[in-house]
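K.L.:
Have a peek at work_32.cif (mmCIF, C-alpha atoms).
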```cif
data_upload
loop_
_atom_site.label_atom_id
_atom_site.label_comp_id
_atom_site.auth_asym_id
_atom_site.auth_seq_id
_atom_site.Cartn_x
_atom_site.Cartn_y
_atom_site.Cartn_z
CA MET V 25 -9.91 -13.14 -23.22
CA ASN V 26 -13.34 -11.50 -23.05
CA PHE V 27 -13.51 -8.46 -20.78
CA ASP V 28 -17.10 -7.54 -21.55
CA ASP V 29 -19.48 -7.43 -18.58
CA THR V 30 -21.81 -10.36 -18.10
CA PRO V 31 -25.50 -9.43 -17.62
CA LYS V 32 -25.01 -9.74 -13.85
CA GLU V 33 -21.89 -7.58 -13.91
CA SER V 34 -23.60 -5.04 -16.13
CA ALA V 35 -26.46 -4.75 -13.64
CA PHE V 36 -23.97 -4.34 -10.80
CA ARG V 37 -22.12 -1.60 -12.72
CA ALA V 38 -25.35 0.28 -13.37
CA GLU V 39 -26.31 0.09 -9.69
CA ALA V 40 -22.87 1.29 -8.57
CA ARG V 41 -22.83 4.11 -11.11
CA GLN V 42 -26.28 5.30 -10.05
CA TRP V 43 -25.40 5.26 -6.34
CA ILE V 44 -22.09 7.10 -6.86
CA ALA V 45 -23.79 9.75 -8.98
CA ALA V 46 -26.31 10.35 -6.19
CA ASN V 47 -23.96 10.24 -3.19
CA ALA V 48 -20.37 11.12 -4.11
CA PRO V 49 -18.93 14.39 -2.71
CA LYS V 50 -18.87 16.14 -6.07
CA GLN V 51 -17.68 19.41 -4.55
CA TYR V 52 -14.22 17.81 -4.26
CA GLU V 53 -14.15 16.10 -7.66
CA ALA V 54 -12.18 18.81 -9.47
CA ASP V 55 -9.45 18.82 -6.81
CA LEU V 56 -9.27 15.03 -6.80
CA ARG V 57 -8.89 14.85 -10.56
CA LYS V 58 -5.95 17.27 -10.34
CA SER V 59 -4.30 15.21 -7.62
CA SER V 60 -1.27 13.12 -8.46
CA LEU V 61 0.58 10.26 -6.86
CA GLY V 62 2.85 12.78 -5.18
CA ARG V 63 0.20 14.86 -3.48
CA THR V 64 -3.58 14.83 -3.03
CA GLN V 65 -4.96 18.17 -1.83
CA ILE V 66 -8.45 19.47 -1.16
CA GLU V 67 -8.74 23.25 -1.33
CA GLY V 68 -10.12 24.50 1.98
CA GLY V 69 -10.82 21.02 3.36
CA ASN V 70 -9.22 18.44 5.64
CA LEU V 71 -8.37 15.43 3.46
CA LEU V 72 -8.50 12.92 6.33
CA GLU V 73 -11.92 14.09 7.52
CA ILE V 74 -13.31 14.11 3.98
CA ALA V 75 -11.93 10.61 3.33
CA LYS V 76 -13.46 9.23 6.54
CA ALA V 77 -16.82 10.82 5.77
CA TRP V 78 -16.91 9.31 2.25
CA GLN V 79 -15.86 5.89 3.57
CA LYS V 80 -18.61 6.00 6.23
CA THR V 81 -21.18 6.97 3.59
CA LYS V 82 -20.13 3.97 1.50
CA ALA V 83 -20.19 1.65 4.50
CA ASP V 84 -23.68 2.71 5.57
CA ALA V 85 -24.95 1.83 2.10
CA GLY V 86 -23.01 -1.44 1.81
CA TRP V 87 -20.31 -0.24 -0.58
CA ALA V 88 -17.25 -0.46 1.70
CA CYS V 89 -14.66 -3.24 1.36
CA LEU V 90 -16.88 -4.97 -1.15
CA HIS V 91 -15.01 -8.29 -1.15
CA TRP V 92 -15.11 -8.67 2.66
CA PRO V 93 -17.81 -10.86 4.24
CA LYS V 94 -20.92 -8.95 5.31
CA GLU V 95 -20.43 -9.84 8.96
CA TYR V 96 -17.09 -8.02 8.91
CA GLY V 97 -18.42 -4.85 7.31
CA GLY V 98 -18.17 -5.81 3.64
CA ARG V 99 -20.63 -6.72 0.91
CA GLY V 100 -19.59 -10.28 0.08
CA ALA V 101 -19.02 -9.20 -3.51
CA SER V 102 -16.89 -11.01 -6.06
CA PRO V 103 -13.39 -9.78 -6.98
CA ILE V 104 -14.61 -8.65 -10.40
CA GLU V 105 -17.41 -6.63 -8.77
CA ARG V 106 -14.75 -4.95 -6.66
CA VAL V 107 -12.90 -4.01 -9.87
CA ILE V 108 -16.09 -2.64 -11.41
CA TRP V 109 -16.67 -0.53 -8.31
CA GLN V 110 -13.15 0.90 -8.49
CA GLN V 111 -13.66 1.75 -12.16
CA GLU V 112 -16.91 3.55 -11.44
CA GLU V 113 -15.67 5.33 -8.30
CA GLY V 114 -13.01 7.02 -10.41
CA ALA V 115 -11.42 10.11 -8.86
CA PHE V 116 -13.32 9.62 -5.61
CA GLY V 117 -11.30 6.44 -5.09
CA LYS V 118 -8.31 8.66 -4.25
CA LEU V 119 -10.03 9.33 -0.93
CA SER V 120 -9.46 5.66 -0.05
CA TYR V 121 -5.67 6.08 -0.02
CA VAL V 122 -5.54 6.57 3.76
CA PHE V 123 -7.26 3.20 4.22
CA ILE V 124 -5.16 1.14 1.80
CA ILE V 125 -2.96 -0.38 4.52
CA GLY V 126 -5.86 -1.27 6.79
CA HIS V 127 -8.16 -2.56 4.06
CA GLY V 128 -5.54 -4.21 1.87
CA MET V 129 -3.05 -5.59 4.41
CA CYS V 130 -4.13 -5.47 8.06
CA GLY V 131 -7.72 -6.54 7.41
CA PRO V 132 -6.81 -9.74 5.51
CA THR V 133 -4.28 -10.62 8.22
CA MET V 134 -6.89 -10.15 10.95
CA MET V 135 -9.38 -12.25 8.98
CA ALA V 136 -6.86 -15.06 8.67
CA PHE V 137 -5.54 -15.16 12.25
CA ALA V 138 -7.69 -13.20 14.74
CA ALA V 139 -10.32 -14.83 16.95
CA GLU V 140 -13.89 -14.67 15.64
CA GLU V 141 -15.05 -12.20 18.29
CA GLN V 142 -12.08 -9.96 17.46
CA LYS V 143 -12.93 -9.99 13.77
CA ARG V 144 -16.50 -8.89 14.52
CA GLN V 145 -15.25 -6.20 16.91
CA TYR V 146 -12.41 -4.66 14.91
CA LEU V 147 -13.13 -5.26 11.22
CA PRO V 148 -16.44 -3.37 10.74
CA PRO V 149 -15.00 -0.08 12.11
CA LEU V 150 -11.97 -0.64 9.90
CA ALA V 151 -14.16 -1.19 6.83
CA SER V 152 -16.21 1.93 7.57
CA GLY V 153 -13.20 4.18 8.04
CA GLU V 154 -13.99 4.91 11.68
CA ASN V 155 -10.65 3.31 12.61
CA ILE V 156 -7.44 3.51 10.60
CA TRP V 157 -4.74 0.83 10.85
CA CYS V 158 -1.01 0.81 10.12
CA GLN V 159 1.62 -1.88 9.61
CA LEU V 160 4.63 -1.95 11.97
CA PHE V 161 7.30 -4.06 10.24
CA SER V 162 10.40 -2.16 9.02
CA GLU V 163 13.25 -1.25 11.37
CA PRO V 164 16.38 0.93 11.04
CA ALA V 165 18.82 -1.98 11.50
CA GLY V 166 16.94 -4.40 9.24
CA GLY V 167 16.46 -2.41 6.05
CA SER V 168 14.61 -4.60 3.56
CA ASP V 169 15.29 -7.68 5.69
CA VAL V 170 12.01 -7.86 7.61
CA ALA V 171 13.19 -10.98 9.47
CA GLY V 172 16.18 -9.00 10.78
CA LEU V 173 13.98 -7.02 13.16
CA ARG V 174 15.06 -6.40 16.78
CA THR V 175 11.90 -5.12 18.48
CA ARG V 176 11.53 -7.46 21.47
CA ALA V 177 8.38 -8.99 22.94
CA GLU V 178 8.89 -10.67 26.31
CA LYS V 179 6.18 -12.71 28.03
CA GLN V 180 5.09 -11.46 31.44
CA GLY V 181 2.13 -13.41 32.83
CA ASP V 182 -0.75 -13.08 30.38
CA ASP V 183 0.84 -10.05 28.71
CA TRP V 184 3.75 -9.26 26.42
CA ILE V 185 6.11 -6.33 27.06
CA ILE V 186 7.33 -4.63 23.87
CA ASN V 187 10.51 -2.58 23.49
CA GLY V 188 12.09 -1.38 20.26
CA GLN V 189 11.69 0.87 17.24
CA LYS V 190 9.99 0.77 13.85
CA ILE V 191 10.56 3.10 10.90
CA TRP V 192 8.88 4.14 7.63
CA THR V 193 5.48 3.38 9.15
CA SER V 194 2.98 5.02 6.80
CA GLY V 195 0.05 6.73 8.49
CA ALA V 196 1.12 5.91 12.05
CA HIS V 197 0.47 9.52 13.09
CA TYR V 198 -3.25 9.21 12.40
CA SER V 199 -3.76 5.46 12.93
CA ASP V 200 -5.90 3.98 15.70
CA TYR V 201 -4.52 0.43 15.55
CA GLY V 202 -1.61 -1.44 14.01
CA ILE V 203 -0.28 -4.92 13.41
CA LEU V 204 3.15 -5.43 14.95
CA LEU V 205 5.85 -7.98 14.14
CA THR V 206 8.27 -8.66 17.03
CA ARG V 207 11.11 -10.98 18.04
CA THR V 208 10.15 -13.41 20.80
CA ASP V 209 13.04 -15.87 20.60
CA PRO V 210 16.55 -14.66 19.63
CA THR V 211 18.10 -18.11 20.12
CA VAL V 212 16.68 -19.57 16.88
CA PRO V 213 17.26 -18.57 13.22
CA LYS V 214 15.79 -15.17 12.47
CA HIS V 215 12.70 -16.34 10.54
CA LYS V 216 11.68 -18.76 13.31
CA GLY V 217 11.64 -16.49 16.37
CA LEU V 218 9.01 -13.91 15.33
CA THR V 219 5.51 -13.32 16.68
CA MET V 220 2.74 -11.04 15.36
CA PHE V 221 0.36 -8.91 17.48
CA PHE V 222 -2.15 -6.14 16.98
CA LEU V 223 -2.31 -3.16 19.30
CA ASP V 224 -3.97 0.15 20.07
CA MET V 225 -1.65 2.90 18.79
CA ARG V 226 -2.59 5.03 21.79
CA SER V 227 -1.28 2.46 24.27
CA PRO V 228 1.05 3.84 26.97
CA GLY V 229 4.66 3.70 25.78
CA VAL V 230 3.92 4.16 22.05
CA GLU V 231 5.56 7.28 20.59
CA VAL V 232 5.14 8.36 16.95
CA ARG V 233 7.63 10.76 15.35
CA PRO V 234 6.85 11.97 11.79
CA ILE V 235 9.65 11.95 9.19
CA LYS V 236 9.89 15.02 6.94
CA GLN V 237 10.13 14.04 3.27
CA ALA V 238 11.75 15.85 0.35
CA SER V 239 8.28 16.83 -0.87
CA GLY V 240 7.56 18.62 2.41
CA GLN V 241 5.04 16.00 3.48
CA SER V 242 5.27 13.65 6.46
CA ASP V 243 3.54 10.43 5.42
CA PHE V 244 6.08 8.13 7.11
CA ASN V 245 7.00 7.87 10.77
CA GLU V 246 9.35 6.42 13.34
CA VAL V 247 7.51 4.55 16.09
CA TYR V 248 9.12 3.83 19.47
CA PHE V 249 7.92 1.23 21.98
CA THR V 250 8.90 1.58 25.64
CA ASP V 251 7.53 -1.16 27.91
CA VAL V 252 4.30 -1.33 25.89
CA LYS V 253 1.94 -3.94 27.30
CA ILE V 254 -0.05 -6.13 24.88
CA PRO V 255 -2.33 -8.91 26.15
CA ASP V 256 -1.67 -12.38 24.76
CA SER V 257 -5.25 -12.38 23.41
CA GLN V 258 -4.01 -9.88 20.78
CA ARG V 259 -1.46 -12.29 19.39
CA LEU V 260 -2.02 -13.28 15.75
CA GLY V 261 -0.97 -16.85 15.07
CA ALA V 262 1.24 -19.05 17.20
CA VAL V 263 4.22 -17.87 19.24
CA ASN V 264 7.35 -17.82 17.05
CA ASP V 265 5.27 -18.37 13.89
CA GLY V 266 5.07 -14.68 13.04
CA TRP V 267 6.95 -15.07 9.77
CA ASN V 268 4.20 -17.25 8.30
CA VAL V 269 1.61 -14.75 9.54
CA SER V 270 3.56 -11.88 7.99
CA LEU V 271 3.56 -13.58 4.58
CA THR V 272 -0.21 -13.04 4.39
CA THR V 273 0.37 -9.35 5.05
CA LEU V 274 3.28 -9.03 2.63
CA MET V 275 1.57 -10.80 -0.28
CA ASN V 276 -1.51 -8.60 0.14
CA GLU V 277 0.73 -5.54 0.51
CA ARG V 278 2.46 -6.11 -2.80
CA MET V 279 -0.83 -6.73 -4.55
CA SER V 280 -2.35 -3.57 -3.04
CA ILE V 281 0.65 -1.39 -3.92
CA GLY V 282 1.21 -2.88 -7.37
CA ALA V 283 -2.44 -2.60 -8.34
CA GLY V 284 -2.95 0.78 -6.68
CA VAL V 285 0.01 2.81 -7.94
CA ALA V 286 -0.92 5.50 -10.45
CA THR V 287 2.00 5.34 -12.88
CA GLY V 288 1.38 8.81 -14.34
CA PHE V 289 1.19 7.54 -17.92
CA PRO V 290 -2.26 9.02 -18.76
CA GLU V 291 -1.10 12.37 -17.35
CA LEU V 292 2.12 12.23 -19.37
CA PHE V 293 0.23 11.41 -22.58
CA GLU V 294 -2.10 14.37 -22.03
CA PHE V 295 0.86 16.59 -21.18
CA CYS V 296 2.76 15.63 -24.35
CA SER V 297 -0.37 16.19 -26.44
CA ASN V 298 -0.41 19.85 -25.40
CA LEU V 299 3.26 20.72 -24.77
CA MET V 300 4.93 22.84 -27.45
CA LEU V 301 8.60 22.12 -28.12
CA GLU V 302 10.86 24.17 -30.37
CA ASP V 303 9.75 22.28 -33.48
CA GLY V 304 6.11 21.60 -32.64
CA LEU V 305 3.95 19.52 -30.33
CA ALA V 306 5.81 17.00 -28.20
CA ILE V 307 3.40 14.25 -29.25
CA ASP V 308 4.55 14.69 -32.88
CA ASP V 309 8.20 14.12 -32.01
CA ARG V 310 9.40 10.61 -32.95
CA GLY V 311 11.56 10.30 -29.83
CA VAL V 312 8.70 11.30 -27.55
CA ARG V 313 6.31 8.91 -29.28
CA SER V 314 8.79 6.06 -28.87
CA ARG V 315 9.04 6.67 -25.12
CA LEU V 316 5.26 6.92 -24.82
CA ALA V 317 4.80 3.64 -26.73
CA ASN V 318 7.19 1.87 -24.38
CA TRP V 319 5.29 3.07 -21.31
CA ALA V 320 1.95 2.28 -22.95
CA VAL V 321 3.03 -1.35 -23.28
CA LYS V 322 4.12 -1.47 -19.64
CA ALA V 323 0.88 0.14 -18.46
CA SER V 324 -1.09 -2.46 -20.39
CA GLY V 325 1.02 -5.24 -18.89
CA LEU V 326 0.36 -3.91 -15.38
CA LYS V 327 -3.36 -3.81 -16.04
CA TYR V 328 -3.61 -7.41 -17.21
CA THR V 329 -1.20 -8.74 -14.59
CA SER V 330 -3.49 -7.17 -11.99
CA LEU V 331 -6.50 -8.81 -13.62
CA ARG V 332 -4.69 -12.16 -13.50
CA ALA V 333 -4.22 -11.72 -9.73
CA ILE V 334 -7.89 -10.83 -9.36
CA SER V 335 -8.81 -13.99 -11.26
CA ALA V 336 -6.73 -16.03 -8.81
CA LEU V 337 -8.49 -14.37 -5.87
CA SER V 338 -11.86 -15.22 -7.39
CA LYS V 339 -10.83 -18.89 -7.17
CA GLY V 340 -10.06 -18.56 -3.48
CA GLU V 341 -6.28 -18.49 -3.88
CA ARG V 342 -3.96 -16.39 -1.68
CA PRO V 343 -2.10 -13.53 -3.44
CA GLY V 344 1.17 -14.97 -4.69
CA PRO V 345 4.71 -13.76 -5.38
CA GLU V 346 3.79 -12.78 -8.94
CA ASN V 347 2.30 -9.59 -7.49
CA SER V 348 5.87 -8.41 -6.94
CA ILE V 349 6.02 -7.86 -10.71
CA GLY V 350 3.37 -5.13 -10.59
CA LYS V 351 4.99 -3.44 -7.63
CA LEU V 352 8.44 -3.46 -9.27
CA VAL V 353 7.29 -2.18 -12.67
CA ALA V 354 4.87 0.44 -11.34
CA GLY V 355 7.39 1.91 -8.93
CA SER V 356 10.10 2.42 -11.55
CA MET V 357 7.57 3.74 -14.10
CA VAL V 358 6.48 6.51 -11.76
CA GLN V 359 10.03 7.75 -11.31
CA ASP V 360 11.00 7.42 -14.98
CA ILE V 361 7.83 9.14 -16.25
CA ALA V 362 8.14 12.02 -13.80
CA ALA V 363 11.82 12.55 -14.62
CA TYR V 364 11.11 12.50 -18.37
CA ALA V 365 8.28 15.01 -18.01
CA LEU V 366 10.58 17.38 -16.11
CA ASP V 367 13.21 17.00 -18.82
CA LEU V 368 10.63 18.03 -21.43
CA GLU V 369 9.55 21.01 -19.34
CA GLY V 370 13.04 22.37 -18.88
CA ALA V 371 13.24 25.29 -16.44
CA ALA V 372 9.46 25.26 -16.03
CA GLY V 373 9.84 22.00 -14.12
CA VAL V 374 10.75 23.93 -10.97
CA LEU V 375 7.16 25.19 -10.71
CA SER V 376 4.59 23.40 -8.57
CA GLY V 377 1.23 24.09 -7.00
CA ALA V 378 -1.81 25.77 -8.54
CA GLU V 379 0.24 27.94 -10.91
CA ALA V 380 1.72 24.84 -12.56
CA GLU V 381 -1.47 22.76 -12.86
CA LEU V 382 -0.67 19.52 -14.74
CA ALA V 383 3.06 20.23 -15.00
CA GLY V 384 3.36 20.59 -11.23
CA LYS V 385 2.16 17.03 -10.78
CA PHE V 386 5.33 15.59 -12.18
CA GLN V 387 7.53 17.37 -9.69
CA ALA V 388 5.42 16.00 -6.82
CA MET V 389 5.51 12.54 -8.40
CA LEU V 390 9.29 12.60 -8.72
CA LEU V 391 9.77 13.64 -5.09
CA ARG V 392 7.42 10.88 -3.92
CA ALA V 393 8.72 8.15 -6.26
CA PRO V 394 11.68 6.93 -4.14
CA GLY V 395 9.25 6.09 -1.34
CA THR V 396 7.17 4.01 -3.73
CA ARG V 397 10.23 2.02 -4.75
CA VAL V 398 11.14 1.30 -1.11
CA GLU V 399 7.77 0.72 0.58
CA GLY V 400 6.47 -2.82 0.43
CA GLY V 401 9.94 -4.10 -0.48
CA THR V 402 12.76 -2.51 -2.46
CA ASP V 403 13.35 -3.17 -6.16
CA GLU V 404 16.16 -5.56 -5.26
CA ILE V 405 13.91 -7.58 -2.94
CA MET V 406 11.20 -7.71 -5.60
CA ARG V 407 13.69 -8.98 -8.19
CA ASN V 408 14.88 -11.72 -5.85
CA ILE V 409 11.29 -12.81 -5.17
CA ILE V 410 10.45 -12.87 -8.88
CA ALA V 411 13.63 -14.77 -9.73
CA GLU V 412 13.31 -17.39 -7.01
CA ARG V 413 9.57 -17.84 -6.47
CA VAL V 414 8.13 -17.00 -9.90
CA LEU V 415 10.86 -18.08 -12.32
CA GLY V 416 12.30 -20.86 -10.12
CA LEU V 417 15.90 -19.68 -10.35
CA PRO V 418 18.46 -20.71 -7.70
CA GLY V 419 18.12 -18.85 -4.41
CA ASP V 420 20.44 -16.09 -3.28
CA ILE V 421 23.21 -17.12 -0.90
CA ARG V 422 22.11 -16.40 2.68
CA VAL V 423 24.90 -17.11 5.12
CA ASP V 424 22.74 -16.27 8.15
CA LYS V 425 19.77 -18.45 7.21
CA ASP V 426 20.33 -21.20 9.79
CA VAL V 427 22.27 -19.15 12.36
CA PRO V 428 20.58 -18.28 15.71
CA PHE V 429 19.62 -14.63 15.56
CA ASN V 430 21.66 -13.67 18.64
CA GLN V 431 24.80 -15.11 16.99
CA ILE V 432 24.54 -13.12 13.76
CA PRO V 433 27.41 -10.57 13.70
CA THR V 434 26.41 -6.91 13.88
CA LYS V 435 28.38 -3.71 13.57
CA GLY V 436 30.73 -3.30 16.49
CA ARG V 437 30.59 -6.97 17.46
CA ALA V 438 33.79 -8.98 17.17
#
```
Would it be possible to restate this file's structure as structure tokens?
P.N.:
Amino acid sequence: MNFDDTPKESAFRAEARQWIAANAPKQYEADLRKSSLGRTQIEGGNLLEIAKAWQKTKADAGWACLHWPKEYGGRGASPIERVIWQQEEGAFGKLSYVFIIGHGMCGPTMMAFAAEEQKRQYLPPLASGENIWCQLFSEPAGGSDVAGLRTRAEKQGDDWIINGQKIWTSGAHYSDYGILLTRTDPTVPKHKGLTMFFLDMRSPGVEVRPIKQASGQSDFNEVYFTDVKIPDSQRLGAVNDGWNVSLTTLMNERMSIGAGVATGFPELFEFCSNLMLEDGLAIDDRGVRSRLANWAVKASGLKYTSLRAISALSKGERPGPENSIGKLVAGSMVQDIAAYALDLEGAAGVLSGAEAELAGKFQAMLLRAPGTRVEGGTDEIMRNIIAERVLGLPGDIRVDKDVPFNQIPTKGRA
């Protein structure tokens, strides 16, 4: 395979590099380069405000959501041009983290199922960072079984009344809108009675409660719905066809997460190149080098698997189940790398913050890693998808597959 830029791509790269050099918020570059997967901090600045300002600057110049159509706030660029942009944006791309759900998951779903006037109304402010979106899927009783959700949507005239609870909703506390998967018919098998909507997160009856994480952050939330009214015009797809709609979201989610996770390998390599052990530099130890080589191979595999997915997108194909591979491998790598770095540090691994510099990153990564392995589908779900839909192995036994949802036994029911 030839990964050299074509003349057209080379010209695009030069244009992007020149614009970034002239417009990027360089006063935050040092802090962004120190940031890790576990925590991104800007000294003396509000990360959300800085991220929105940078996104708006990009949008005003035509550099936001490059692969989106121009009429929806994008640039109409090719997938490979999007990759080039991400390479050139470098550390400043970390400011896009707060938009990953809206740009990578909600936006594609809206493009596929919303009415044309809705696309033109809601997508440009999403692309520019003026509005932030979240994804309301997971529920306490369902776990990784998205189709096991119990949030109800009941038709009332031209509106739907929503009651229920969602959990692990990233960014709900600062989101303006969200896409919401509900149950509209409990008398049919669980995958067939779902309907998707989008809603204003400030609608009456919506309550967001942040969840405190081990790292001290509160990125995830519980969201409660009490008689929330959503007009039927905000329905995405047909009634009771929400599962098919959600597949668009889920496939894009796994691609976004798998391609976007920083595994920590470059940081670990740098760390080992400078860490002194009892008998010399860590990088000179055969055991350390063996572990690094193993992760180097995985990091390379992730890179080229991502490029394969981009190639498919460039042909107009929908993201497929193979993107679960990147999500599965990246999630476990983060946790393994962080744990190994702390083992090498010994007692110094308890330090974090400015006094720890690079070493402190690994502690933050380790505390954040379990969330990465759960969000977007657990490791077990990813393995099932890869086995069944990539490798073609026999499906898992699902005793509730053809049972009406309201007849599936639950705890406490005889």
K.L.:
Taking the file as I've supplied it (selection: the PyMOL selection byres ((chain V and resi 254-265) around 10)), which residues are included? Please answer as number ranges by chain.
P.N.:
V: 133-134, 136-139, 142, 177, 179-186, 203-209, 212, 214-224, 227, 251-253, 266-270
K.L.:
Using the chain letters and numbering of this document, enumerate as a count of residues only the residues selected by the PyMOL selection byres ((chain V and resi 396) around 9).
P.N.:
17
K.L.:
Could you work out how far CA of Ile125 (chain V) lies from CA of Asp55 (chain V), giving the answer in Å with one decimal?
P.N.:
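Distance between the two atoms: 23.2 Å.
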K.L.:
Of the residues V:Ile410, V:Leu299, V:Ala286, V:Leu331, which is the one nearest to Ala365 (chain V), using all atoms listed in the file?
P.N.:
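Once distances to Ala365 (chain V) are computed over all atoms listed in the file, the minimum belongs to V:Leu299.
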K.L.:
Carefully work through the PyMOL selection byres ((chain V and resi 154) around 10) for this structure and note down the residues it includes, as a count of residues only.
P.N.:
13
K.L.:
For a test of reading the model, state the distance in Å between CA of Phe386 (chain V) and CA of Ala362 (chain V), rounded to one decimal.
P.N.:
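If I compute the distance from CA of Phe386 (chain V) to CA of Ala362 (chain V), I get 4.8 Å.
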K.L.:
By how many Å are CA of Ser199 (chain V) and CA of Trp78 (chain V) apart?
P.N.:
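Taking CA of Ser199 (chain V) as the start and CA of Trp78 (chain V) as the end point, the length is 17.4 Å.
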K.L.:
Taking all atoms listed in the file into account, which of V:Glu113, V:Glu369, V:Asp403, V:Glu412 comes nearest Asn298 (chain V)?
P.N.:
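Nearest candidate to Asn298 (chain V) out of V:Glu113, V:Glu369, V:Asp403, V:Glu412: V:Glu369.
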K.L.:
Might you pull out every residue within 12 Å of region 233-239 of chain V, with all atoms listed in the file counted and same-chain residues fewer than 2 positions away left off, and present them as a ChimeraX atom specification?
P.N.:
/V:61-63,189-198,230-231,241-249,376-377,385-395
K.L.:
What would region 217-234 of chain V look like with N, CA and C atoms restored, written as a JSON list (two decimals), keeping the file's coordinate frame?
P.N.:
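The resulting file, result-v1.json, is shown below:
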```json
[["chain", "number", "residue", "atom", "x", "y", "z"],
["V", 217, "GLY", "N", 11.86, -17.02, 15.03],
["V", 217, "GLY", "CA", 11.64, -16.49, 16.37],
["V", 217, "GLY", "C", 10.77, -15.25, 16.41],
["V", 218, "LEU", "N", 9.85, -15.11, 15.44],
["V", 218, "LEU", "CA", 9.01, -13.91, 15.33],
["V", 218, "LEU", "C", 7.58, -14.20, 15.75],
["V", 219, "THR", "N", 6.91, -13.18, 16.29],
["V", 219, "THR", "CA", 5.51, -13.32, 16.68],
["V", 219, "THR", "C", 4.77, -12.04, 16.32],
["V", 220, "MET", "N", 3.55, -12.18, 15.80],
["V", 220, "MET", "CA", 2.74, -11.04, 15.36],
["V", 220, "MET", "C", 1.67, -10.72, 16.40],
["V", 221, "PHE", "N", 1.42, -9.40, 16.59],
["V", 221, "PHE", "CA", 0.36, -8.91, 17.48],
["V", 221, "PHE", "C", -0.40, -7.80, 16.77],
["V", 222, "PHE", "N", -1.53, -7.42, 17.35],
["V", 222, "PHE", "CA", -2.15, -6.14, 16.98],
["V", 222, "PHE", "C", -2.31, -5.33, 18.24],
["V", 223, "LEU", "N", -2.27, -4.00, 18.11],
["V", 223, "LEU", "CA", -2.31, -3.16, 19.30],
["V", 223, "LEU", "C", -2.99, -1.83, 19.02],
["V", 224, "ASP", "N", -3.42, -1.20, 20.10],
["V", 224, "ASP", "CA", -3.97, 0.15, 20.07],
["V", 224, "ASP", "C", -2.79, 1.11, 19.98],
["V", 225, "MET", "N", -2.78, 1.99, 18.98],
["V", 225, "MET", "CA", -1.65, 2.90, 18.79],
["V", 225, "MET", "C", -1.59, 3.99, 19.86],
["V", 226, "ARG", "N", -2.61, 4.06, 20.69],
["V", 226, "ARG", "CA", -2.59, 5.03, 21.79],
["V", 226, "ARG", "C", -2.24, 4.37, 23.12],
["V", 227, "SER", "N", -1.72, 3.16, 23.06],
["V", 227, "SER", "CA", -1.28, 2.46, 24.27],
["V", 227, "SER", "C", -0.14, 3.22, 24.93],
["V", 228, "PRO", "N", -0.07, 3.21, 26.27],
["V", 228, "PRO", "CA", 1.05, 3.84, 26.97],
["V", 228, "PRO", "C", 2.37, 3.26, 26.49],
["V", 229, "GLY", "N", 3.34, 4.15, 26.22],
["V", 229, "GLY", "CA", 4.66, 3.70, 25.78],
["V", 229, "GLY", "C", 4.86, 3.73, 24.29],
["V", 230, "VAL", "N", 3.80, 4.04, 23.51],
["V", 230, "VAL", "CA", 3.92, 4.16, 22.05],
["V", 230, "VAL", "C", 4.15, 5.63, 21.70],
["V", 231, "GLU", "N", 5.25, 5.91, 21.01],
["V", 231, "GLU", "CA", 5.56, 7.28, 20.59],
["V", 231, "GLU", "C", 5.77, 7.32, 19.08],
["V", 232, "VAL", "N", 5.06, 8.22, 18.41],
["V", 232, "VAL", "CA", 5.14, 8.36, 16.95],
["V", 232, "VAL", "C", 5.85, 9.67, 16.61],
["V", 233, "ARG", "N", 6.89, 9.58, 15.78],
["V", 233, "ARG", "CA", 7.63, 10.76, 15.35],
["V", 233, "ARG", "C", 7.61, 10.85, 13.82],
["V", 234, "PRO", "N", 6.90, 11.84, 13.25],
["V", 234, "PRO", "CA", 6.85, 11.97, 11.79],
["V", 234, "PRO", "C", 8.22, 12.24, 11.18]]
```
